[in-house]
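Structure first, then comments.
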Amino acid sequence: MGDHVTEIVVFAFLFLLVSGIGFFAARWRAPNDMGHLDEWGLGGRSFGGWVTWFLVGGDLYTAYTFVAVPALLFGAGAAGFFAVPYTIIIYPLVFLVLVRLWSVSHRHGFVTPADFVRSRFQSPTLALLIAITGIVATMPYIALQLVGIEAVLKTMGVTGDSAVARHLPIIIAFAILAAYTYQSGLRAPALIAFVKDTLIYIVILVAIIYLPYKLGGWGSIFDAAQKKFDGTPNPNDGIVLTAANQWQYITLALGSALALFLYPHSITGVLAGRNRDVIKRNMSALPAYSLLLGLIALLGFMAIAAGVKPLPGAKAGSTDSNTVVPLLFDLHFPAWFAGVAFAAIGIGALVPAAIMSIAAANLFTRNIYKEYLKRDATPAQEASVSKIASLVVKVGAVACIVFLDPQFSIDLQLIGGVIILQTLPAVALGIYTRWFHRGGLIAGWVAGMGLGTWMLYQIPNAATGRQHFGGSAFPLEKFAFIDSKTTVYVGLVAVAVNLAVAALVTLALRAGKVPDGGDDTNPDDYFADEGDPRVSVPAQPTSTDSDLDPAPSPKV
Amino acid sequence: MSDQEVRAEGAPAVARAKDKSPWNWLLFLPIVVPLLTPLFNHDSPRVAGFPMFYWLQLLFIVLGVSTTTVVYQMTKKRR
């Protein structure tokens, strides 16, 4: 590993710098009372436009972005570019839906999406399901961040023979991350995000100007990719989509966008904003990251043109395609700048990992601990339980990486996406309508989770030789009644069934006069803004018929 | 029921900006257009070496930014 010394030194220096910032963050915009979940878990709900831009940008565009999306283009071509429409669609959705969630959370002091569901449907059971779904979906996503760091470390030659030696660097990295997240809460990733995003923007700007210049221009990069895909036996790769994978592309982009804004960590980032304007303005500014992402994705084709050969994977005979971007940097950048690029990816993993673990910890604290273990928990107790839970979550994520094959990082995340999508009827539609019966939503959730898991189980992966859980592209011919080569995204099918079941069961329960819960929110709450007082005590149970639709009558 | 019916304790008397504006419908444009694959699933024409599939989708980002900006400007609270 002698020829990687410069890279390792630069990487280690930036990593330590960021760790220092993480610990310092506890004193940044310090509140009078850090012992409150609003402070530790939501940064005091006080972030303005710039902080929110860096925080949410650093939150949504993870190390996964920089490593796995180009790896997907490297391996499959155009299909991997779904990340671009996906991250265009998400912002209008947030603009429409999450701004209302921000308002109602501001009024009622909600910290998690499950808090909202609990009040909206007066159903602790439904809230518990939403919380568990969130935690389960977030765990592999955190693990995915480690895969990003590991791809970089592997490229720098920091590897070992035994499983423990190989994983020691990320265990240390995560221990440091866990320590400053414990101390500083959401302020740590918010402050680190400034460094992370600055590094990323510099690296990518250099990469997209310098690399095409070295590789003979964009035209020859795309031609090299086309030539590679023409030579493979796979009929579905290429630099444009084929008839068979267009629906997969559409459904995956839409489904992923719907999933992304339901993820607890996205909601944490949004709820930490100061007011409605901060969030709405950010929806116009955040797509700057989508442009970045589109360009990063194309690094996969540059790697093809540069003739990069991915490093071997964990299993004998396999390759780790996640290493293509680090290898491209290693090959074509001077050592010190490759070090900067690697640090950008490494730190890029820390910001989302911190926010995700905070979001998962908040779910545990609010919707499991306070609901089922200690009803009268004070805000200070909530904060300390959340801090400990965030440590547990990180240990779980490290365990995922040490014991599972990291080659499946992107699939793990896609499975998490399928699961989290099943909270759409209760959370996203719940923001708009109280029409669904809480029993209907629970039935829909069960149906969606069951079908989604079954479909994922049915998908083989020829490339990795696995029989099951090989991806999220479901061949429609597996439904006996459809004869087609088309594939679709599992999550969108599962959530459609979820919705249908929720609606039918709602009608049945209403017909059977089964009592529904009430609604602790009122229509005006969905438009509340900064300065509006918080509802201090849980509102009295309201009658079920008054609030079927929270939308106010249109203003004239 | 009417907008005036305020039930929650301590609800403020200020009139709030509702988000029921027809401008919001414009937001469906950047949700739907990037999903119409027949629109952009072509290699040519190329721009600066980029096949249409790539440059047009990158251009949709501009569509997204401009619609959210317009909707924000047209619906924001008048002070």
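Labels used: A, B, ... for chains in the order of the structure tokens, numbers from 1 for residues in each chain, and numbers from 1 for ligands as shown.
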Check your understanding: Using only C-alpha atoms, which chain A residues lie at most 6 Å away from chain B, written as a VMD selection string?
Key -> chain A and resid 85 88 to 89 92 218 to 219 240 250 284
Please produce a file of the residues just selected, as a compact mmCIF listing (two decimals), in the first residue's frame, where the atoms kept are N, CA and C atoms.
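The file below, again08.txt, is the result:
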```
# COMPACT_ATOMS: atom_id res chain seq x y z
N PRO A 85 -34.41 11.34 -12.87
CA PRO A 85 -35.84 11.66 -12.74
C PRO A 85 -36.33 11.49 -11.30
N ILE A 88 -35.71 14.50 -9.41
CA ILE A 88 -36.45 15.69 -9.86
C ILE A 88 -37.86 15.65 -9.28
N ILE A 89 -38.46 14.45 -9.34
CA ILE A 89 -39.85 14.27 -8.91
C ILE A 89 -40.02 14.55 -7.42
N PRO A 92 -41.15 18.55 -6.03
CA PRO A 92 -42.56 18.98 -6.03
C PRO A 92 -43.40 18.20 -5.03
N TRP A 218 -16.89 13.88 -24.31
CA TRP A 218 -18.09 13.17 -23.91
C TRP A 218 -18.55 12.18 -24.96
N GLY A 219 -18.46 12.59 -26.24
CA GLY A 219 -18.95 11.73 -27.32
C GLY A 219 -18.27 10.37 -27.28
N VAL A 240 -29.29 3.62 -24.01
CA VAL A 240 -30.69 4.04 -23.89
C VAL A 240 -31.48 2.83 -23.38
N ILE A 250 -39.52 3.83 -15.19
CA ILE A 250 -40.56 4.77 -14.77
C ILE A 250 -41.02 4.46 -13.35
N SER A 284 -36.69 24.67 -4.44
CA SER A 284 -36.18 25.22 -5.69
C SER A 284 -34.66 25.14 -5.74
```
Exercise for review: Write down as a PyMOL selection string the residues belonging to range 13-79 of chain B that are assigned alpha helix (DSSP H) by DSSP computed on the backbone.
Suggested key: chain B and resi 28-32+37-40+52-75
C-alpha atoms of the current selection, written as a CSV table (one decimal), in the first residue's frame:
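The new file selection.csv reads:
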```csv
chain,number,residue,atom,x,y,z
B,28,PHE,CA,-47.5,18.0,-11.5
B,29,LEU,CA,-45.5,19.1,-14.6
B,30,PRO,CA,-42.1,18.2,-13.1
B,31,ILE,CA,-43.6,15.0,-11.6
B,32,VAL,CA,-45.1,13.7,-14.8
B,37,THR,CA,-39.7,7.8,-21.4
B,38,PRO,CA,-40.8,7.9,-25.1
B,39,LEU,CA,-40.0,11.6,-24.9
B,40,PHE,CA,-36.3,11.2,-24.2
B,52,MET,CA,-30.6,12.9,-26.0
B,53,PHE,CA,-31.4,10.5,-23.1
B,54,TYR,CA,-28.9,12.3,-20.9
B,55,TRP,CA,-29.1,15.9,-21.9
B,56,LEU,CA,-32.8,16.1,-21.9
B,57,GLN,CA,-33.2,14.5,-18.5
B,58,LEU,CA,-30.6,16.9,-17.1
B,59,LEU,CA,-32.6,19.7,-18.6
B,60,PHE,CA,-35.7,18.5,-16.7
B,61,ILE,CA,-33.9,19.6,-13.6
B,62,VAL,CA,-34.3,23.2,-14.9
B,63,LEU,CA,-38.0,22.4,-15.5
B,64,GLY,CA,-38.3,21.3,-11.8
B,65,VAL,CA,-36.5,24.3,-10.5
B,66,SER,CA,-38.5,26.8,-12.5
B,67,THR,CA,-41.9,25.3,-11.6
B,68,THR,CA,-41.2,25.2,-7.9
B,69,THR,CA,-39.8,28.7,-8.0
B,70,VAL,CA,-42.9,30.0,-9.9
B,71,VAL,CA,-45.3,28.2,-7.6
B,72,TYR,CA,-43.4,29.5,-4.5
B,73,GLN,CA,-43.4,33.1,-5.7
B,74,MET,CA,-47.1,33.0,-6.7
B,75,THR,CA,-48.3,31.3,-3.5
```
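Distances here use only C-alpha atoms; by that measure, the residue among A:Pro140, A:Gly416, A:Gly269, A:Pro515 closest to Gly44 in chain A is A:Gly269.
Compared by their closest atoms to Gly157 in chain A, and using only C-alpha atoms, the residues A:Ile431, A:Thr323, A:Gly448, A:Ala397 rank with A:Thr323 nearest.
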Point to revise | Proximity to Leu456 in chain A - best of A:Arg434, A:Val5, A:Ile415, A:Ile355, only C-alpha atoms | key: A:Ile415
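Between Phe47 in chain A and the candidates A:Ala380, A:Leu328, A:Val514, A:Leu271, the tightest atom-to-atom separation, counting only C-alpha atoms, involves A:Leu271.
The residue that comes closest to Ala511 in chain A, out of A:Ala257, A:Ser384, A:Asp115, A:His437 and on the basis of only C-alpha atoms, is A:His437.
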Check your understanding: Residues at most 7 Å from range 24-29 of chain A, counting only C-alpha atoms, excluding those fewer than 6 positions away in the same chain, as a PyMOL selection string?
Key -> chain A and resi 183-184+187-188+191
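For the choices A:Tyr263, A:Lys154, A:Ala344, A:Val325, the atom-to-atom distance to Gly307 in chain A is smallest for A:Val325 when using only C-alpha atoms.
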